[in-house]
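Next comes final23.cif, a file with mmCIF, N, CA and C atoms.
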```
data_input
#
loop_
_atom_site.label_atom_id
_atom_site.label_comp_id
_atom_site.auth_asym_id
_atom_site.auth_seq_id
_atom_site.Cartn_x
_atom_site.Cartn_y
_atom_site.Cartn_z
N MET A 1 -5.71 17.45 6.35
CA MET A 1 -5.00 16.25 6.73
C MET A 1 -4.01 16.57 7.85
N THR A 2 -3.85 15.61 8.74
CA THR A 2 -3.06 15.86 9.94
C THR A 2 -1.65 15.30 9.88
N GLY A 3 -1.37 14.39 8.96
CA GLY A 3 -0.08 13.71 8.95
C GLY A 3 -0.07 12.50 9.88
N ASP A 4 -1.12 12.33 10.65
CA ASP A 4 -1.28 11.19 11.55
C ASP A 4 -1.84 10.01 10.75
N PRO A 5 -1.13 8.89 10.67
CA PRO A 5 -1.60 7.77 9.85
C PRO A 5 -2.99 7.25 10.23
N GLU A 6 -3.42 7.46 11.45
CA GLU A 6 -4.76 7.01 11.86
C GLU A 6 -5.85 7.83 11.18
N HIS A 7 -5.50 9.06 10.77
CA HIS A 7 -6.49 9.95 10.16
C HIS A 7 -6.13 10.38 8.75
N ASP A 8 -4.89 10.22 8.36
CA ASP A 8 -4.41 10.68 7.06
C ASP A 8 -3.93 9.47 6.25
N PHE A 9 -4.86 8.77 5.63
CA PHE A 9 -4.55 7.59 4.83
C PHE A 9 -5.55 7.50 3.69
N ASP A 10 -5.18 6.74 2.67
CA ASP A 10 -6.01 6.64 1.47
C ASP A 10 -6.84 5.37 1.37
N GLY A 11 -6.39 4.29 2.02
CA GLY A 11 -7.11 3.04 1.91
C GLY A 11 -6.54 1.97 2.82
N ALA A 12 -7.10 0.77 2.72
CA ALA A 12 -6.69 -0.34 3.57
C ALA A 12 -6.84 -1.66 2.83
N LYS A 13 -5.95 -2.58 3.12
CA LYS A 13 -5.97 -3.93 2.56
C LYS A 13 -5.87 -4.93 3.71
N THR A 14 -6.35 -6.14 3.47
CA THR A 14 -6.26 -7.19 4.49
C THR A 14 -5.61 -8.44 3.92
N ILE A 15 -4.60 -8.90 4.62
CA ILE A 15 -3.96 -10.18 4.35
C ILE A 15 -4.79 -11.19 5.14
N LEU A 16 -5.62 -11.94 4.44
CA LEU A 16 -6.55 -12.84 5.10
C LEU A 16 -6.17 -14.28 4.81
N LEU A 17 -5.83 -15.01 5.87
CA LEU A 17 -5.57 -16.44 5.75
C LEU A 17 -6.81 -17.20 6.17
N LEU A 18 -7.23 -18.09 5.31
CA LEU A 18 -8.34 -19.00 5.62
C LEU A 18 -7.75 -20.40 5.61
N GLY A 19 -7.59 -20.96 6.80
CA GLY A 19 -6.95 -22.26 6.90
C GLY A 19 -5.51 -22.24 6.42
N GLY A 20 -4.83 -21.13 6.57
CA GLY A 20 -3.43 -21.02 6.17
C GLY A 20 -3.21 -20.60 4.74
N ARG A 21 -4.30 -20.49 3.97
CA ARG A 21 -4.18 -20.07 2.57
C ARG A 21 -4.67 -18.63 2.42
N LEU A 22 -4.03 -17.88 1.53
CA LEU A 22 -4.30 -16.46 1.34
C LEU A 22 -5.50 -16.24 0.43
N ALA A 23 -6.42 -15.38 0.88
CA ALA A 23 -7.56 -14.98 0.04
C ALA A 23 -7.07 -13.93 -0.95
N VAL A 24 -7.26 -14.22 -2.24
CA VAL A 24 -6.74 -13.39 -3.32
C VAL A 24 -7.88 -13.04 -4.27
N ILE A 25 -7.85 -11.82 -4.76
CA ILE A 25 -8.82 -11.36 -5.76
C ILE A 25 -8.08 -11.04 -7.05
N ARG A 26 -8.59 -11.54 -8.16
CA ARG A 26 -8.03 -11.19 -9.47
C ARG A 26 -8.68 -9.87 -9.89
N ARG A 27 -7.86 -8.83 -10.05
CA ARG A 27 -8.37 -7.51 -10.40
C ARG A 27 -9.04 -7.54 -11.77
N ASP A 28 -10.00 -6.63 -11.94
CA ASP A 28 -10.60 -6.46 -13.26
C ASP A 28 -9.49 -6.13 -14.26
N ASP A 29 -9.69 -6.52 -15.49
CA ASP A 29 -8.72 -6.24 -16.54
C ASP A 29 -9.34 -5.20 -17.48
N ILE A 30 -9.45 -4.00 -16.96
CA ILE A 30 -10.07 -2.92 -17.73
C ILE A 30 -9.15 -1.71 -17.74
N GLU A 31 -9.32 -0.91 -18.76
CA GLU A 31 -8.52 0.30 -18.90
C GLU A 31 -8.86 1.28 -17.78
N GLY A 32 -7.84 1.99 -17.31
CA GLY A 32 -8.08 3.05 -16.35
C GLY A 32 -7.89 2.67 -14.89
N ILE A 33 -7.66 1.38 -14.60
CA ILE A 33 -7.42 1.02 -13.20
C ILE A 33 -5.95 0.62 -13.05
N ALA A 34 -5.46 0.78 -11.86
CA ALA A 34 -4.09 0.38 -11.57
C ALA A 34 -4.00 -1.15 -11.53
N TYR A 35 -2.91 -1.67 -12.03
CA TYR A 35 -2.61 -3.11 -11.97
C TYR A 35 -3.74 -3.99 -12.52
N PRO A 36 -4.23 -3.69 -13.73
CA PRO A 36 -5.33 -4.49 -14.27
C PRO A 36 -4.94 -5.96 -14.41
N GLY A 37 -5.86 -6.83 -14.00
CA GLY A 37 -5.69 -8.27 -14.16
C GLY A 37 -4.74 -8.93 -13.17
N LEU A 38 -4.11 -8.15 -12.29
CA LEU A 38 -3.16 -8.74 -11.35
C LEU A 38 -3.86 -9.29 -10.11
N LEU A 39 -3.10 -10.07 -9.34
CA LEU A 39 -3.60 -10.63 -8.09
C LEU A 39 -3.54 -9.57 -7.01
N ASP A 40 -4.62 -9.43 -6.28
CA ASP A 40 -4.81 -8.36 -5.30
C ASP A 40 -5.27 -8.96 -3.98
N LEU A 41 -5.37 -8.11 -3.00
CA LEU A 41 -5.89 -8.46 -1.68
C LEU A 41 -7.21 -7.74 -1.46
N PRO A 42 -8.07 -8.26 -0.59
CA PRO A 42 -9.29 -7.54 -0.29
C PRO A 42 -8.96 -6.17 0.31
N GLY A 43 -9.66 -5.16 -0.15
CA GLY A 43 -9.45 -3.82 0.37
C GLY A 43 -9.67 -2.78 -0.69
N GLY A 44 -9.51 -1.53 -0.28
CA GLY A 44 -9.73 -0.45 -1.23
C GLY A 44 -9.66 0.90 -0.56
N GLY A 45 -10.27 1.87 -1.20
CA GLY A 45 -10.18 3.25 -0.77
C GLY A 45 -11.05 3.59 0.43
N ARG A 46 -10.55 4.55 1.16
CA ARG A 46 -11.25 5.08 2.34
C ARG A 46 -12.47 5.88 1.89
N GLU A 47 -13.54 5.75 2.66
CA GLU A 47 -14.75 6.52 2.42
C GLU A 47 -14.99 7.44 3.62
N GLY A 48 -15.14 8.72 3.34
CA GLY A 48 -15.42 9.69 4.41
C GLY A 48 -14.34 9.68 5.47
N GLY A 49 -14.77 9.72 6.71
CA GLY A 49 -13.85 9.76 7.84
C GLY A 49 -13.60 8.41 8.48
N GLU A 50 -13.70 7.34 7.71
CA GLU A 50 -13.50 6.00 8.26
C GLU A 50 -12.16 5.86 8.97
N SER A 51 -12.16 5.04 10.01
CA SER A 51 -10.90 4.64 10.64
C SER A 51 -10.25 3.59 9.74
N PRO A 52 -8.96 3.32 9.93
CA PRO A 52 -8.32 2.28 9.12
C PRO A 52 -9.03 0.93 9.22
N GLU A 53 -9.39 0.50 10.44
CA GLU A 53 -10.05 -0.80 10.61
C GLU A 53 -11.43 -0.80 9.98
N THR A 54 -12.18 0.27 10.14
CA THR A 54 -13.52 0.35 9.56
C THR A 54 -13.44 0.24 8.05
N CYS A 55 -12.46 0.90 7.44
CA CYS A 55 -12.26 0.83 5.99
C CYS A 55 -11.97 -0.62 5.57
N ALA A 56 -11.04 -1.26 6.24
CA ALA A 56 -10.66 -2.64 5.88
C ALA A 56 -11.84 -3.60 6.06
N LEU A 57 -12.57 -3.48 7.15
CA LEU A 57 -13.68 -4.38 7.41
C LEU A 57 -14.82 -4.16 6.42
N ARG A 58 -15.11 -2.90 6.06
CA ARG A 58 -16.13 -2.61 5.07
C ARG A 58 -15.74 -3.21 3.71
N GLU A 59 -14.51 -2.99 3.30
CA GLU A 59 -14.06 -3.53 2.02
C GLU A 59 -14.14 -5.06 2.00
N MET A 60 -13.81 -5.70 3.12
CA MET A 60 -13.91 -7.16 3.21
C MET A 60 -15.36 -7.61 3.00
N ARG A 61 -16.30 -6.90 3.62
CA ARG A 61 -17.72 -7.23 3.44
C ARG A 61 -18.14 -7.03 1.99
N GLU A 62 -17.72 -5.92 1.39
CA GLU A 62 -18.14 -5.62 0.03
C GLU A 62 -17.54 -6.59 -1.00
N GLU A 63 -16.28 -6.94 -0.82
CA GLU A 63 -15.59 -7.73 -1.84
C GLU A 63 -15.73 -9.24 -1.66
N LEU A 64 -15.74 -9.69 -0.40
CA LEU A 64 -15.82 -11.14 -0.16
C LEU A 64 -17.04 -11.55 0.68
N GLY A 65 -17.82 -10.58 1.11
CA GLY A 65 -19.01 -10.91 1.89
C GLY A 65 -18.72 -11.40 3.29
N LEU A 66 -17.47 -11.32 3.72
CA LEU A 66 -17.09 -11.80 5.06
C LEU A 66 -17.22 -10.68 6.08
N ARG A 67 -17.81 -11.02 7.20
CA ARG A 67 -17.92 -10.07 8.30
C ARG A 67 -16.90 -10.46 9.36
N LEU A 68 -15.84 -9.68 9.42
CA LEU A 68 -14.81 -9.89 10.43
C LEU A 68 -15.01 -8.89 11.55
N SER A 69 -14.61 -9.27 12.73
CA SER A 69 -14.63 -8.33 13.85
C SER A 69 -13.23 -7.74 14.01
N ARG A 70 -13.16 -6.62 14.68
CA ARG A 70 -11.86 -5.99 14.94
C ARG A 70 -10.94 -6.93 15.72
N THR A 71 -11.52 -7.77 16.58
CA THR A 71 -10.69 -8.67 17.39
C THR A 71 -10.06 -9.78 16.55
N GLU A 72 -10.57 -10.02 15.34
CA GLU A 72 -9.98 -11.04 14.47
C GLU A 72 -8.75 -10.51 13.72
N ILE A 73 -8.54 -9.22 13.76
CA ILE A 73 -7.35 -8.62 13.15
C ILE A 73 -6.22 -8.69 14.16
N SER A 74 -5.10 -9.31 13.77
CA SER A 74 -4.03 -9.48 14.75
C SER A 74 -2.72 -8.80 14.36
N TRP A 75 -2.71 -8.09 13.23
CA TRP A 75 -1.49 -7.37 12.80
C TRP A 75 -1.93 -6.18 11.99
N ARG A 76 -1.17 -5.09 12.10
CA ARG A 76 -1.45 -3.89 11.31
C ARG A 76 -0.14 -3.16 11.06
N ARG A 77 -0.05 -2.55 9.89
CA ARG A 77 1.13 -1.74 9.56
C ARG A 77 0.73 -0.70 8.53
N PHE A 78 1.33 0.49 8.66
CA PHE A 78 1.06 1.60 7.76
C PHE A 78 2.21 1.75 6.78
N TYR A 79 1.88 1.93 5.51
CA TYR A 79 2.87 2.14 4.45
C TYR A 79 2.56 3.46 3.74
N THR A 80 3.57 4.09 3.21
CA THR A 80 3.36 5.37 2.53
C THR A 80 3.61 5.32 1.03
N ILE A 81 4.12 4.19 0.52
CA ILE A 81 4.44 4.10 -0.90
C ILE A 81 3.69 2.91 -1.51
N PRO A 82 3.01 3.04 -2.62
CA PRO A 82 2.87 4.24 -3.43
C PRO A 82 1.78 5.18 -2.92
N ILE A 83 0.90 4.69 -2.03
CA ILE A 83 -0.09 5.56 -1.39
C ILE A 83 -0.04 5.29 0.11
N ARG A 84 -0.69 6.15 0.87
CA ARG A 84 -0.75 5.98 2.32
C ARG A 84 -1.85 4.97 2.64
N ALA A 85 -1.42 3.75 2.94
CA ALA A 85 -2.39 2.67 3.12
C ALA A 85 -2.04 1.81 4.33
N TRP A 86 -3.08 1.35 4.99
CA TRP A 86 -2.95 0.40 6.09
C TRP A 86 -3.08 -1.01 5.55
N PHE A 87 -2.28 -1.90 6.11
CA PHE A 87 -2.40 -3.32 5.84
C PHE A 87 -2.69 -4.01 7.16
N PHE A 88 -3.64 -4.91 7.12
CA PHE A 88 -4.03 -5.69 8.29
C PHE A 88 -3.85 -7.17 7.95
N ALA A 89 -3.80 -7.99 8.98
CA ALA A 89 -3.72 -9.43 8.76
C ALA A 89 -4.61 -10.15 9.76
N ALA A 90 -5.26 -11.20 9.27
CA ALA A 90 -6.14 -12.02 10.10
C ALA A 90 -6.02 -13.46 9.63
N ALA A 91 -6.06 -14.37 10.57
CA ALA A 91 -6.05 -15.81 10.27
C ALA A 91 -7.33 -16.42 10.81
N LEU A 92 -8.11 -17.02 9.92
CA LEU A 92 -9.38 -17.64 10.29
C LEU A 92 -9.36 -19.10 9.89
N PRO A 93 -10.22 -19.90 10.50
CA PRO A 93 -10.30 -21.32 10.13
C PRO A 93 -10.74 -21.49 8.67
N ALA A 94 -10.32 -22.57 8.07
CA ALA A 94 -10.66 -22.86 6.67
C ALA A 94 -12.17 -22.87 6.43
N GLU A 95 -12.94 -23.27 7.42
CA GLU A 95 -14.40 -23.35 7.27
C GLU A 95 -15.03 -22.01 6.93
N ARG A 96 -14.38 -20.91 7.32
CA ARG A 96 -14.94 -19.58 7.03
C ARG A 96 -14.97 -19.28 5.53
N ALA A 97 -14.20 -20.02 4.74
CA ALA A 97 -14.23 -19.82 3.28
C ALA A 97 -15.63 -20.09 2.72
N ALA A 98 -16.39 -20.95 3.38
CA ALA A 98 -17.75 -21.24 2.92
C ALA A 98 -18.67 -20.03 3.03
N GLU A 99 -18.28 -19.03 3.82
CA GLU A 99 -19.08 -17.81 3.99
C GLU A 99 -18.81 -16.79 2.89
N VAL A 100 -17.80 -16.98 2.07
CA VAL A 100 -17.44 -16.00 1.05
C VAL A 100 -18.56 -15.86 0.03
N ARG A 101 -18.91 -14.63 -0.24
CA ARG A 101 -19.86 -14.27 -1.29
C ARG A 101 -19.20 -13.17 -2.10
N PHE A 102 -18.62 -13.56 -3.23
CA PHE A 102 -17.84 -12.62 -4.02
C PHE A 102 -18.69 -11.46 -4.50
N GLY A 103 -18.15 -10.24 -4.36
CA GLY A 103 -18.85 -9.02 -4.75
C GLY A 103 -18.73 -8.76 -6.25
N ASN A 104 -18.86 -7.49 -6.62
CA ASN A 104 -18.88 -7.15 -8.05
C ASN A 104 -17.61 -6.45 -8.52
N GLU A 105 -16.54 -6.48 -7.73
CA GLU A 105 -15.28 -5.91 -8.17
C GLU A 105 -14.27 -7.03 -8.35
N GLY A 106 -13.66 -7.07 -9.51
CA GLY A 106 -12.69 -8.12 -9.79
C GLY A 106 -13.29 -9.24 -10.61
N GLN A 107 -12.39 -10.13 -11.07
CA GLN A 107 -12.81 -11.23 -11.92
C GLN A 107 -13.17 -12.48 -11.14
N GLY A 108 -12.75 -12.54 -9.88
CA GLY A 108 -13.03 -13.70 -9.05
C GLY A 108 -12.07 -13.74 -7.88
N TRP A 109 -12.27 -14.73 -7.03
CA TRP A 109 -11.40 -14.87 -5.86
C TRP A 109 -11.00 -16.33 -5.74
N PHE A 110 -9.92 -16.57 -5.03
CA PHE A 110 -9.47 -17.92 -4.76
C PHE A 110 -8.49 -17.89 -3.60
N LEU A 111 -8.11 -19.07 -3.15
CA LEU A 111 -7.13 -19.22 -2.07
C LEU A 111 -5.83 -19.76 -2.66
N MET A 112 -4.71 -19.28 -2.14
CA MET A 112 -3.42 -19.78 -2.59
C MET A 112 -2.43 -19.68 -1.45
N PRO A 113 -1.35 -20.45 -1.49
CA PRO A 113 -0.33 -20.32 -0.46
C PRO A 113 0.23 -18.90 -0.47
N PRO A 114 0.38 -18.28 0.68
CA PRO A 114 0.91 -16.90 0.69
C PRO A 114 2.29 -16.79 0.05
N GLU A 115 3.10 -17.81 0.20
CA GLU A 115 4.43 -17.79 -0.40
C GLU A 115 4.35 -17.79 -1.93
N ALA A 116 3.33 -18.45 -2.49
CA ALA A 116 3.13 -18.44 -3.93
C ALA A 116 2.72 -17.05 -4.42
N PHE A 117 1.88 -16.37 -3.65
CA PHE A 117 1.51 -14.99 -3.98
C PHE A 117 2.76 -14.11 -3.98
N ALA A 118 3.56 -14.24 -2.93
CA ALA A 118 4.75 -13.41 -2.80
C ALA A 118 5.76 -13.65 -3.92
N ALA A 119 5.74 -14.83 -4.51
CA ALA A 119 6.68 -15.17 -5.58
C ALA A 119 6.11 -14.92 -6.97
N SER A 120 4.84 -14.57 -7.05
CA SER A 120 4.16 -14.48 -8.34
C SER A 120 4.38 -13.13 -9.03
N ALA A 121 4.76 -13.20 -10.28
CA ALA A 121 4.88 -11.99 -11.09
C ALA A 121 3.50 -11.41 -11.41
N GLU A 122 2.44 -12.18 -11.14
CA GLU A 122 1.08 -11.70 -11.38
C GLU A 122 0.51 -10.92 -10.20
N ALA A 123 1.20 -10.90 -9.07
CA ALA A 123 0.72 -10.18 -7.88
C ALA A 123 1.10 -8.70 -7.97
N VAL A 124 0.26 -7.85 -7.40
CA VAL A 124 0.60 -6.43 -7.31
C VAL A 124 1.98 -6.36 -6.65
N PRO A 125 2.97 -5.78 -7.32
CA PRO A 125 4.36 -5.89 -6.87
C PRO A 125 4.65 -5.48 -5.43
N HIS A 126 4.15 -4.35 -5.00
CA HIS A 126 4.47 -3.90 -3.65
C HIS A 126 3.69 -4.65 -2.57
N PHE A 127 2.72 -5.44 -2.95
CA PHE A 127 1.99 -6.26 -1.97
C PHE A 127 2.76 -7.53 -1.62
N ARG A 128 3.63 -7.97 -2.51
CA ARG A 128 4.32 -9.25 -2.32
C ARG A 128 5.11 -9.30 -1.02
N PRO A 129 6.01 -8.35 -0.73
CA PRO A 129 6.73 -8.41 0.56
C PRO A 129 5.82 -8.13 1.75
N ARG A 130 4.78 -7.37 1.55
CA ARG A 130 3.86 -7.06 2.65
C ARG A 130 3.11 -8.31 3.10
N VAL A 131 2.76 -9.16 2.13
CA VAL A 131 2.09 -10.42 2.48
C VAL A 131 3.02 -11.28 3.34
N LEU A 132 4.27 -11.38 2.94
CA LEU A 132 5.22 -12.17 3.74
C LEU A 132 5.38 -11.61 5.14
N GLU A 133 5.43 -10.30 5.25
CA GLU A 133 5.57 -9.66 6.56
C GLU A 133 4.35 -9.92 7.44
N GLY A 134 3.16 -9.75 6.87
CA GLY A 134 1.94 -10.00 7.64
C GLY A 134 1.77 -11.44 8.04
N VAL A 135 2.07 -12.35 7.13
CA VAL A 135 1.94 -13.78 7.41
C VAL A 135 2.96 -14.19 8.48
N ALA A 136 4.17 -13.67 8.41
CA ALA A 136 5.17 -13.98 9.44
C ALA A 136 4.67 -13.52 10.81
N ALA A 137 4.05 -12.37 10.88
CA ALA A 137 3.50 -11.87 12.14
C ALA A 137 2.37 -12.77 12.65
N LEU A 138 1.53 -13.27 11.74
CA LEU A 138 0.43 -14.15 12.13
C LEU A 138 0.94 -15.48 12.67
N ARG A 139 2.06 -15.92 12.15
CA ARG A 139 2.57 -17.25 12.52
C ARG A 139 3.46 -17.23 13.76
N THR A 140 3.72 -16.05 14.31
CA THR A 140 4.57 -16.00 15.53
C THR A 140 3.72 -16.02 16.78
#
```

Take the structure in the file and write it out as structure tokens.
Amino acid sequence: MTGDPEHDFDGAKTILLLGGRLAVIRRDDIEGIAYPGLLDLPGGGREGGESPETCALREMREELGLRLSRTEISWRRFYTIPIRAWFFAAALPAERAAEVRFGNEGQGWFLMPPEAFAASAEAVPHFRPRVLEGVAALRT
């Protein structure tokens, strides 16, 4: 590992707005996973030597069936706590929700106001302020 966030990271998440509403995944409620049953964002662990964007885009395809391009990502930030992870943000038209094909991880997906996610005790705790930060960047 190099210490360079572009090459030394564990995973990636995407703050995805579809028509202004946040795409949320309800995590599986099973033993052995972090934050079982909580509200999550599309994303997950890095595979091989993936770049941060490649990781995020692959996870989006696997979990929601959406194919985003790199140009649709308009914000990125690296965090080190609790793991070294990239967060990205993208805002797409509401019509793109019709393209969602939920994968096999999690209990289901839905759309909600990002502010409601940030205020929810059911959301992964450290994701709550990150959603507000990403959404604020998208809206400027």

Atom N of Phe117 in chain A to atom C of Ala137 in chain A, straight-line distance in Å: 16.7 Å

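Candidate residues A:Ala97, A:Leu68, A:Met60, A:Ala85 were compared for distance to Gly45 in chain A, and the nearest is A:Ala85, using only C-alpha atoms.
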
Counting all atoms listed in the file, what are the residues of range 43-101 of chain A within 8 Å of range 118-134 of chain A, and for each of them which pair of atoms is the nearest and at what distance in Å, to one decimal? Sort the table by chain and rising number, as a tab-separated table.
```
residue	atom	partner	partner_atom	distance
A:Trp75	CA	A:Gly134	CA	6.7
A:Arg76	N	A:Gly134	CA	7.3
A:Ile81	C	A:His126	CA	7.2
A:Pro82	N	A:His126	CA	7.2
A:Phe87	C	A:Gly134	CA	7.6
A:Phe88	C	A:Gly134	CA	6.5
A:Ala89	CA	A:Gly134	CA	5.8
A:Ala90	N	A:Gly134	C	7.1
```

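Relative to CA of Gly19 in chain A, atom N of Glu95 in chain A is found at 6.1 Å.
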
Picked from range 20-139 of chain A by DSSP as strand (DSSP E or B), as a count of residues only: 30

Test item: residues at most 12 Å from Gly49 in chain A, only C-alpha atoms, excluding those fewer than 5 positions along its chain, as a ChimeraX atom specification: /A:1,6-11,54-55

One-decimal distance in Å that lies between CA of Arg21 in chain A and atom N of Ala116 in chain A: 9.2 Å

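Of the residues listed (A:Ser74, A:Gln107, A:Pro114, A:Val135), A:Gln107 shows the shortest atom-to-atom separation from Arg26 in chain A; distances use only N, CA and C atoms.
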
Nearby residues (only N, CA and C atoms) at most 7 Å from Leu66 in chain A, same-chain spacing under 2 positions excluded, as a ChimeraX atom specification: /A:57,60-64,68,99-101

Can you tell me, as a PDB file with N, CA and C atoms, in the frame of the given file, what residues are no more than 5 Å from range 16-18 of chain A when counting only N, CA and C atoms, ignoring any on the same chain fewer than 6 positions away?
```
ATOM      1  N   ALA A  90      -5.260 -11.200   9.270  1.00  0.00           N
ATOM      2  CA  ALA A  90      -6.140 -12.020  10.100  1.00  0.00           C
ATOM      3  C   ALA A  90      -6.020 -13.460   9.630  1.00  0.00           C
ATOM      4  N   ALA A  91      -6.060 -14.370  10.570  1.00  0.00           N
ATOM      5  CA  ALA A  91      -6.050 -15.810  10.270  1.00  0.00           C
ATOM      6  C   ALA A  91      -7.330 -16.420  10.810  1.00  0.00           C
ATOM      7  N   LEU A  92      -8.110 -17.020   9.920  1.00  0.00           N
ATOM      8  CA  LEU A  92      -9.380 -17.640  10.290  1.00  0.00           C
ATOM      9  C   LEU A  92      -9.360 -19.100   9.890  1.00  0.00           C
ATOM     10  N   PRO A  93     -10.220 -19.900  10.500  1.00  0.00           N
ATOM     11  CA  PRO A  93     -10.300 -21.320  10.130  1.00  0.00           C
ATOM     12  C   PRO A  93     -10.740 -21.490   8.670  1.00  0.00           C
ATOM     13  N   ALA A  94     -10.320 -22.570   8.070  1.00  0.00           N
ATOM     14  CA  ALA A  94     -10.660 -22.860   6.670  1.00  0.00           C
ATOM     15  C   ALA A  94     -12.170 -22.870   6.430  1.00  0.00           C
TER      16      ALA A  94
END
```

Which of range 15-129 of chain A fall in alpha helix (DSSP H), as a list of chain:residue names: A:Pro52, A:Glu53, A:Thr54, A:Cys55, A:Ala56, A:Leu57, A:Arg58, A:Glu59, A:Met60, A:Arg61, A:Glu62, A:Glu63, A:Leu64, A:Pro114, A:Glu115, A:Ala116, A:Phe117, A:Ala118, A:Ala119, A:Phe127, A:Arg128, A:Pro129

Name the residues captured by the PyMOL selection byres ((chain A and resi 37) around 6.5) when it is applied to the shown file; answer as a CSV table (one decimal) with N, CA and C atoms, in the frame of the given file.
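Resulting contents of part_26.csv:
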```
chain,number,residue,atom,x,y,z
A,26,ARG,N,-8.6,-11.5,-8.2
A,26,ARG,CA,-8.0,-11.2,-9.5
A,26,ARG,C,-8.7,-9.9,-9.9
A,27,ARG,N,-7.9,-8.8,-10.0
A,27,ARG,CA,-8.4,-7.5,-10.4
A,27,ARG,C,-9.0,-7.5,-11.8
A,28,ASP,N,-10.0,-6.6,-11.9
A,28,ASP,CA,-10.6,-6.5,-13.3
A,28,ASP,C,-9.5,-6.1,-14.3
A,29,ASP,N,-9.7,-6.5,-15.5
A,29,ASP,CA,-8.7,-6.2,-16.5
A,29,ASP,C,-9.3,-5.2,-17.5
A,30,ILE,N,-9.4,-4.0,-17.0
A,30,ILE,CA,-10.1,-2.9,-17.7
A,30,ILE,C,-9.2,-1.7,-17.7
A,34,ALA,N,-5.5,0.8,-11.9
A,34,ALA,CA,-4.1,0.4,-11.6
A,34,ALA,C,-4.0,-1.2,-11.5
A,35,TYR,N,-2.9,-1.7,-12.0
A,35,TYR,CA,-2.6,-3.1,-12.0
A,35,TYR,C,-3.7,-4.0,-12.5
A,36,PRO,N,-4.2,-3.7,-13.7
A,36,PRO,CA,-5.3,-4.5,-14.3
A,36,PRO,C,-4.9,-6.0,-14.4
A,38,LEU,N,-4.1,-8.2,-12.3
A,38,LEU,CA,-3.2,-8.7,-11.4
A,38,LEU,C,-3.9,-9.3,-10.1
A,39,LEU,N,-3.1,-10.1,-9.3
A,39,LEU,CA,-3.6,-10.6,-8.1
A,39,LEU,C,-3.5,-9.6,-7.0
A,122,GLU,N,2.4,-12.2,-11.1
A,122,GLU,CA,1.1,-11.7,-11.4
A,122,GLU,C,0.5,-10.9,-10.2
```

Nearest candidate to Pro113 in chain A (options A:Lys13, A:Ala136, A:Asp4, A:Gly20; using only C-alpha atoms): A:Gly20

With 3 Å added on each side, what axis-aligned box encloses every listed atom of range 21-35 of chain A? Give the centre and edge lengths in Å to one decimal, as JSON.
```
{"center_x": -6.6, "center_y": -8.7, "center_z": -7.5, "size_x": 14.0, "size_y": 29.5, "size_z": 28.9}
```

For Trp109 in chain A: contacts at 8 Å, only N, CA and C atoms, fewer than 5 positions along chain excluded, given as number ranges by chain: A: 23-27, 102-103

Given the selection you just returned, output its residues as a file containing N, CA and C atoms, formatted as a PDB file, in the frame of the given file.
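Saved file selection-v2.pdb follows:
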```pdb
ATOM      1  N   ALA A  23      -6.420 -15.380   0.880  1.00  0.00           N
ATOM      2  CA  ALA A  23      -7.560 -14.980   0.040  1.00  0.00           C
ATOM      3  C   ALA A  23      -7.070 -13.930  -0.950  1.00  0.00           C
ATOM      4  N   VAL A  24      -7.260 -14.220  -2.240  1.00  0.00           N
ATOM      5  CA  VAL A  24      -6.740 -13.390  -3.320  1.00  0.00           C
ATOM      6  C   VAL A  24      -7.880 -13.040  -4.270  1.00  0.00           C
ATOM      7  N   ILE A  25      -7.850 -11.820  -4.760  1.00  0.00           N
ATOM      8  CA  ILE A  25      -8.820 -11.360  -5.760  1.00  0.00           C
ATOM      9  C   ILE A  25      -8.080 -11.040  -7.050  1.00  0.00           C
ATOM     10  N   ARG A  26      -8.590 -11.540  -8.160  1.00  0.00           N
ATOM     11  CA  ARG A  26      -8.030 -11.190  -9.470  1.00  0.00           C
ATOM     12  C   ARG A  26      -8.680  -9.870  -9.890  1.00  0.00           C
ATOM     13  N   ARG A  27      -7.860  -8.830 -10.050  1.00  0.00           N
ATOM     14  CA  ARG A  27      -8.370  -7.510 -10.400  1.00  0.00           C
ATOM     15  C   ARG A  27      -9.040  -7.540 -11.770  1.00  0.00           C
ATOM     16  N   PHE A 102     -18.620 -13.560  -3.230  1.00  0.00           N
ATOM     17  CA  PHE A 102     -17.840 -12.620  -4.020  1.00  0.00           C
ATOM     18  C   PHE A 102     -18.690 -11.460  -4.500  1.00  0.00           C
ATOM     19  N   GLY A 103     -18.150 -10.240  -4.360  1.00  0.00           N
ATOM     20  CA  GLY A 103     -18.850  -9.020  -4.750  1.00  0.00           C
ATOM     21  C   GLY A 103     -18.730  -8.760  -6.250  1.00  0.00           C
TER      22      GLY A 103
END
```

Distance criterion (only C-alpha atoms): nearest to Arg67 in chain A out of A:Glu115, A:Arg96, A:Ile33, A:Ile15: A:Arg96
